[in-house]
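Undergrad: Before I ask anything, here is the structure I am working with.
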Amino acid sequence: MKKLVVIPLIVLLFSGCGSLNSAFDPSFLLKNPWVVQSILGNKVDVSSFANGLPFVEFLSGGKVSGFDGCNNFNGEVKMDAKSLSFGPMASTKKMCSGVDSDAFTSALNQVTGFTRNGDLLELTGKAGTLLSFLPKNAE
């Protein structure tokens with residue numbers, strides 16, 4: 001009798017795990033560019049980015065592109081229901097005076113996860129929230 005109870009329970013557990021991954025729908029990320037609102041918990045000062053605010057655009061096929069406030073970049077992104085990380089990135093190498101794009105780029109390289117609160121996308125890492133974004137159409 002105990003064997004009959006255990007087998008359905010195991011089947012239920014494994015089917016539940018499969019449904020968690022199949023329920024993840026990253027399409028909310030793909031709709032438009034995400035414009036940075038804060039870096040390492042500090043609200044972005046628009047005047048610090050004379051060339052425009054940094055943004056990230058998630059593309060289909062695990063690709064990402066964006067702008068760090070000075071240079072354009074593109075590369076790979078890996079994500080599932082619990083994690084998000086960026087792979088190797090290619091970037092232009094312009095020199096921009098008065099722009100601190102290094103803080104944005106450094107934070108991006110530390111991302112291991114994400115949370116979403118309404119329109120706000122927070123990219124997280126070991127240190128907590130590293131970057132927060134709003135979709136371009138919601139700024």
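Just remember, in the structure tokens the first chain shown is A, the second B, etc., residues are 1-based per chain, and ligands are 1-based in the order shown.
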What residues in region 18-57 of chain A get the DSSP label strand (DSSP E or B)? Please answer as a VMD selection string.
TA: chain A and resid 34 to 39 42 to 43 55 to 57
Undergrad: I'd like the neighbourhood of Asn74 (chain A) as JSON, numbers by chain, where a residue qualifies if any of its atoms comes within 6 Å (using only C-alpha atoms), though same-chain residues fewer than 3 positions away should be ignored.
TA: {"A": [64, 65, 89, 90]}
Undergrad: Using only C-alpha atoms, please write the residues we just selected to a file, as a PDB file, in the first residue's frame.
TA:
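So result02.pdb came out as:
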ATOM      1  CA  VAL A  64      21.226  41.213 -26.237  1.00  0.00           C
ATOM      2  CA  SER A  65      22.313  44.643 -27.411  1.00  0.00           C
ATOM      3  CA  MET A  89      30.043  41.047 -25.107  1.00  0.00           C
ATOM      4  CA  ALA A  90      31.448  42.948 -28.059  1.00  0.00           C
TER       5      ALA A  90
END
Undergrad: Do you know which residues are at most 8 Å from Ala107 (chain A) counting only C-alpha atoms, after dropping those on the same chain fewer than 3 positions away, and could you put them as number ranges by chain?
TA: A: 39-40, 103-104, 110-111, 130-131
Undergrad: Since we have the selection now, will you write its residues out, keeping C-alpha atoms, as a compact mmCIF listing (two decimals), in the first residue's frame?
TA:
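Contents of result-v7.txt, freshly written:
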# COMPACT_ATOMS: atom_id res chain seq x y z
CA ILE A 39 23.06 51.68 -10.82
CA LEU A 40 24.09 49.93 -7.59
CA ALA A 103 29.82 51.52 -13.41
CA PHE A 104 27.02 50.35 -15.72
CA GLN A 110 27.84 40.81 -12.16
CA VAL A 111 24.21 39.99 -12.97
CA LEU A 130 22.68 45.99 -9.32
CA LEU A 131 20.64 47.77 -11.99
Undergrad: Quick one: residues within 10 Å of Phe28 (chain A), only C-alpha atoms, excluding same-chain residues fewer than 2 positions away - as a PDB file with N, CA and C atoms, in the first residue's frame?
TA:
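Written file, part24.pdb:
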ATOM      1  N   ASP A  25       7.905  32.686 -19.341  1.00  0.00           N
ATOM      2  CA  ASP A  25       7.733  33.347 -20.634  1.00  0.00           C
ATOM      3  C   ASP A  25       8.519  34.648 -20.624  1.00  0.00           C
ATOM      4  N   PRO A  26       9.693  34.672 -21.277  1.00  0.00           N
ATOM      5  CA  PRO A  26      10.531  35.872 -21.267  1.00  0.00           C
ATOM      6  C   PRO A  26      10.066  36.953 -22.241  1.00  0.00           C
ATOM      7  N   LEU A  30      11.267  41.205 -24.284  1.00  0.00           N
ATOM      8  CA  LEU A  30      11.558  41.425 -25.695  1.00  0.00           C
ATOM      9  C   LEU A  30      10.784  42.573 -26.320  1.00  0.00           C
ATOM     10  N   LYS A  31       9.854  43.158 -25.604  1.00  0.00           N
ATOM     11  CA  LYS A  31       8.958  44.132 -26.223  1.00  0.00           C
ATOM     12  C   LYS A  31       9.618  45.449 -26.595  1.00  0.00           C
ATOM     13  N   ASN A  32      10.564  45.925 -25.838  1.00  0.00           N
ATOM     14  CA  ASN A  32      11.237  47.180 -26.158  1.00  0.00           C
ATOM     15  C   ASN A  32      12.502  47.337 -25.326  1.00  0.00           C
ATOM     16  N   PHE A  58      16.757  43.190 -25.054  1.00  0.00           N
ATOM     17  CA  PHE A  58      16.798  41.741 -25.150  1.00  0.00           C
ATOM     18  C   PHE A  58      16.201  41.341 -26.505  1.00  0.00           C
ATOM     19  N   ARG A 116      10.947  41.304 -11.257  1.00  0.00           N
ATOM     20  CA  ARG A 116      10.094  42.257 -11.971  1.00  0.00           C
ATOM     21  C   ARG A 116       8.988  42.705 -11.033  1.00  0.00           C
ATOM     22  N   ASP A 119       6.273  47.440 -14.049  1.00  0.00           N
ATOM     23  CA  ASP A 119       7.129  47.813 -15.180  1.00  0.00           C
ATOM     24  C   ASP A 119       8.611  47.808 -14.833  1.00  0.00           C
ATOM     25  N   PRO A 135      10.891  50.042 -19.078  1.00  0.00           N
ATOM     26  CA  PRO A 135      10.825  49.963 -20.534  1.00  0.00           C
ATOM     27  C   PRO A 135      10.795  51.369 -21.140  1.00  0.00           C
TER      28      PRO A 135
END
Undergrad: Among region 26-90 of chain A, which residues does DSSP mark as helix (DSSP H, G or I) when it is run on the backbone? Keep the chain and numbering as in the structure and answer as a VMD selection string.
TA: chain A and resid 27 to 30 46 to 48
Undergrad: May I have the selected residues written with C-alpha atoms, as an mmCIF file, in the first residue's frame?
TA:
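Output (again.cif):
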data_model
loop_
_atom_site.group_PDB
_atom_site.id
_atom_site.type_symbol
_atom_site.label_atom_id
_atom_site.label_comp_id
_atom_site.auth_asym_id
_atom_site.auth_seq_id
_atom_site.Cartn_x
_atom_site.Cartn_y
_atom_site.Cartn_z
ATOM 1 C CA SER A 27 8.493 37.742 -23.895
ATOM 2 C CA PHE A 28 7.959 40.680 -21.520
ATOM 3 C CA LEU A 29 11.688 41.397 -21.894
ATOM 4 C CA LEU A 30 11.558 41.425 -25.695
ATOM 5 C CA VAL A 46 20.646 62.159 -16.417
ATOM 6 C CA SER A 47 23.209 64.974 -16.646
ATOM 7 C CA SER A 48 25.993 62.379 -16.214
#
